[in-house]
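See below for the structure under consideration.
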Amino acid sequence: MSEHEPQLQEDVEETLRSVEDSRSGMNVFEAGLVENITIEEDSVTVEANLAQFDPRTSTEVMDTMLHAVQDVAGVESAHVEPAEVDTDDRVSIAEIDTVIAVASTKGGVGKSTVATQLACAFAADRDVGLFDADIFGPNVPSLLDVDGPILSDDDDNPIPATVGSMEVMSVGLMTEGGPLAWRGAMAHDALSDLFADTAWDDPDTLVIDLPPGTSDVLLTTLQEVPIDGVVFVTTPFHTSVEDTRRSRRLFEENGVPVLGYVLNMDHFVCDDCGKNHDMFPGGTLTEELDMPVLTRLPFSPDLQTQPKPGTAPEAFERLAESVGEQLDDADRLELPEDPIDIRGLEAQQRVERVRETFESLDSGEPLYLVSDRDPTPVGEFLVTLTGADGDPTDVLPEFTTERRGLEKWVLKAISP
């Protein structure tokens with residue numbers, strides 16, 4: 001490296017930090033568009049991450065960066081080229097450590113805004129993905145001001161767009177912007193394919209913006225995605241609260257821990273008197289929801305700004321902290337210190353582990369078991385070990401199973 005190259009590197013970087021990505025409002029460094037800068041003597045090559053842009057916009061972005069670099073003193077030759085997309089370390093949704101769903105039972109309550117701002121808040125200290133599963137009304141692309149088309153890897157799997165430091169996938173990035181008039185089976189298949197095939201760049205956390213209500217598309221998500229917890233979004237209006245209370249059971253029956261709810265449009269501050277006023281006077285008391293309130297959001301212009309990955313209004317930063325705390329609690333199984341954990345074991349190993357433990361129990365002692373599949377058949381096996389015949393709930397003093405996640409079940413049985 002020649003003596004002037006370090007200074008030239010600094011000058012090029014400083015110049016590029018003055019080039020703004022008009023979509024995100026950040027400079028091209030903050031927006032994650034600069035992948036690498038190579039300097040040899042007075043020749044500069046910039047590799048640009050353009051995965052989020054269509055071909056026409058990619059050309060415009062490269063031209064803007066090129067002109068900026070060419071104006072740097074000491075640069076005789078400048079090139080800007082697309083960075084190669086590395087697909088070797090891409091993962092499926094099933095391999096992502098933490099998956100958080102954001103749900104609402106009605107449209108228009110701010111669900112997509114909450115999901116997007118929550119993901120942006122998380123992006124401040126971790127790698128984050130945002131999946132827009134609201135297949136009939138995909139609003140995430142417009143909230144983040146990102147367009148398609150989506151690129152594919154060597155196996156033709158779709159690669160999420162990149163917005164700043166955050167990955168984004170939405171059916172809205174794969175259409176031409178027209179209305180999505182799909183029948184149930186088409187929507188189910190399209191969403192299932194996106195869940196199964198999207199090639200993520202191994203984010204720590206994925207936030208899913210679910211469609212409102214309790215449609216087949218929602219059930220598809222619950223049955224095919226390992227969701228670690230759900231956040232409900234509601235307003236204080238009595239019908240929204242009532243529907244949210246009823247929908248909670250659907251998630252619990254599918255083994256999804258309910259982390260709590262966001263009370264959106266809780267109040268507004270009067271410009272004239274400076275006092276708080278309820279948006280929905282006389283609304284149903286949200287205590288009926290019987291779940292933690294994660295945050296209460298006012299109706300405020302401060303919360304309606306364009307979301308930016310890595311930064312978020314303070315209210316959403318607090319929401320991210322609350323969600324993290326609830327996730328930690330939800331992951332703790334309320335079991336004795338030494339339950340039988342048969343997850344990942346071969347069939348014969350499962351049988352022997354259950355047999356040995358159950359036969360060692362005295363009458364009235366409990367057996368606790370953790371499984372990665374529905375353990376109901378274990379109850380029938382326990383009945384055969386007692387030498388009796390019949391249903392486990394009739395033969396055993398107590399027999400219950402509970403789903404705690406997509407691949408996490410808990411069984412409790414009392415020895416007769």
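Labeling convention for the structure tokens: chains A, B, ... as they appear, residues from 1 per chain, ligands from 1 in order of appearance.
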
Give me, as an NGL selection string, all polymer residues having an atom no more than 7 Å from Leu16 in chain A, counting only C-alpha atoms and skipping those fewer than 2 positions away in the same chain.
:A and (12-14 or 18-19 or 28 or 65 or 68)

What's the separation between CA of Leu411 in chain A and CA of Thr386 in chain A, in Å to one decimal place?
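Here the two named atoms are 17.3 Å from each other.
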
Find the residues of range 184-253 of chain A that sit at most 12 Å from range 69-85 of chain A; for each, write down the nearest two atoms and how far apart they are in Å, to one decimal. Count only C-alpha atoms. Sort by chain, then by number going up, and give it as CSV.
```
residue,atom,partner,partner_atom,distance
A:Ala199,CA,A:Val85,CA,11.5
A:Trp200,CA,A:Val85,CA,11.8
A:Asp201,CA,A:Val85,CA,10.3
```

Sorted per-residue table, range 288-333 of chain A near range 229-253 of chain A, closest atoms and distance, 12 Å, only C-alpha atoms, as CSV:
```
residue,atom,partner,partner_atom,distance
A:Glu288,CA,A:Arg245,CA,7.3
A:Leu289,CA,A:Arg245,CA,5.1
A:Asp290,CA,A:Arg245,CA,8.0
A:Met291,CA,A:Arg245,CA,9.1
A:Pro292,CA,A:Val231,CA,9.9
A:Val293,CA,A:Phe232,CA,9.5
A:Leu294,CA,A:Val231,CA,8.5
A:Thr295,CA,A:Val233,CA,10.0
A:Arg296,CA,A:Thr235,CA,9.5
A:Leu297,CA,A:Thr235,CA,9.4
A:Pro298,CA,A:Thr235,CA,10.3
A:Phe299,CA,A:Thr235,CA,10.5
A:Leu319,CA,A:Val231,CA,10.2
A:Ala320,CA,A:Val231,CA,10.8
A:Ser322,CA,A:Val231,CA,10.6
A:Val323,CA,A:Val231,CA,7.9
A:Gly324,CA,A:Gly229,CA,10.1
A:Glu325,CA,A:Gly229,CA,11.4
A:Gln326,CA,A:Gly229,CA,8.6
A:Leu327,CA,A:Gly229,CA,6.7
A:Asp328,CA,A:Gly229,CA,10.2
A:Asp329,CA,A:Gly229,CA,10.6
A:Ala330,CA,A:Gly229,CA,7.7
A:Asp331,CA,A:Gly229,CA,9.2
```

Taking the chain letters and numbering used in this document, name the residues of range 332-414 of chain A that DSSP puts in strand (DSSP E), as an mmCIF file with C-alpha atoms, in the first residue's frame.
```
data_model
loop_
_atom_site.group_PDB
_atom_site.id
_atom_site.type_symbol
_atom_site.label_atom_id
_atom_site.label_comp_id
_atom_site.auth_asym_id
_atom_site.auth_seq_id
_atom_site.Cartn_x
_atom_site.Cartn_y
_atom_site.Cartn_z
ATOM 1 C CA ILE A 340 -37.735 -36.455 30.991
ATOM 2 C CA ASP A 341 -36.583 -34.693 27.844
ATOM 3 C CA PRO A 366 -45.757 -37.308 38.933
ATOM 4 C CA LEU A 367 -43.975 -37.908 35.649
ATOM 5 C CA TYR A 368 -43.073 -34.799 33.648
ATOM 6 C CA LEU A 369 -42.028 -35.167 30.017
ATOM 7 C CA VAL A 370 -40.868 -32.697 27.358
ATOM 8 C CA SER A 371 -41.273 -33.794 23.723
ATOM 9 C CA PHE A 399 -52.945 -36.990 32.659
ATOM 10 C CA THR A 400 -52.480 -33.723 30.726
ATOM 11 C CA THR A 401 -50.598 -32.544 27.655
ATOM 12 C CA GLU A 402 -49.855 -28.945 26.727
ATOM 13 C CA ARG A 403 -48.287 -27.476 23.640
ATOM 14 C CA ARG A 404 -45.630 -24.857 24.395
ATOM 15 C CA GLY A 405 -44.371 -24.260 20.845
ATOM 16 C CA LYS A 408 -42.299 -28.273 22.293
ATOM 17 C CA TRP A 409 -44.911 -30.281 24.199
ATOM 18 C CA VAL A 410 -45.223 -30.970 27.913
ATOM 19 C CA LEU A 411 -46.860 -34.036 29.466
ATOM 20 C CA LYS A 412 -47.776 -34.620 33.108
ATOM 21 C CA ALA A 413 -48.964 -37.979 34.383
ATOM 22 C CA ILE A 414 -49.533 -39.235 37.952
#
```

I'd like the contact shell of range 121-138 of chain A - 6 Å cut-off, only C-alpha atoms, skipping same-chain residues fewer than 3 positions apart - returned as a PyMOL selection string.
chain A and resi 118+166-170+172+180+203-211+309-312+317
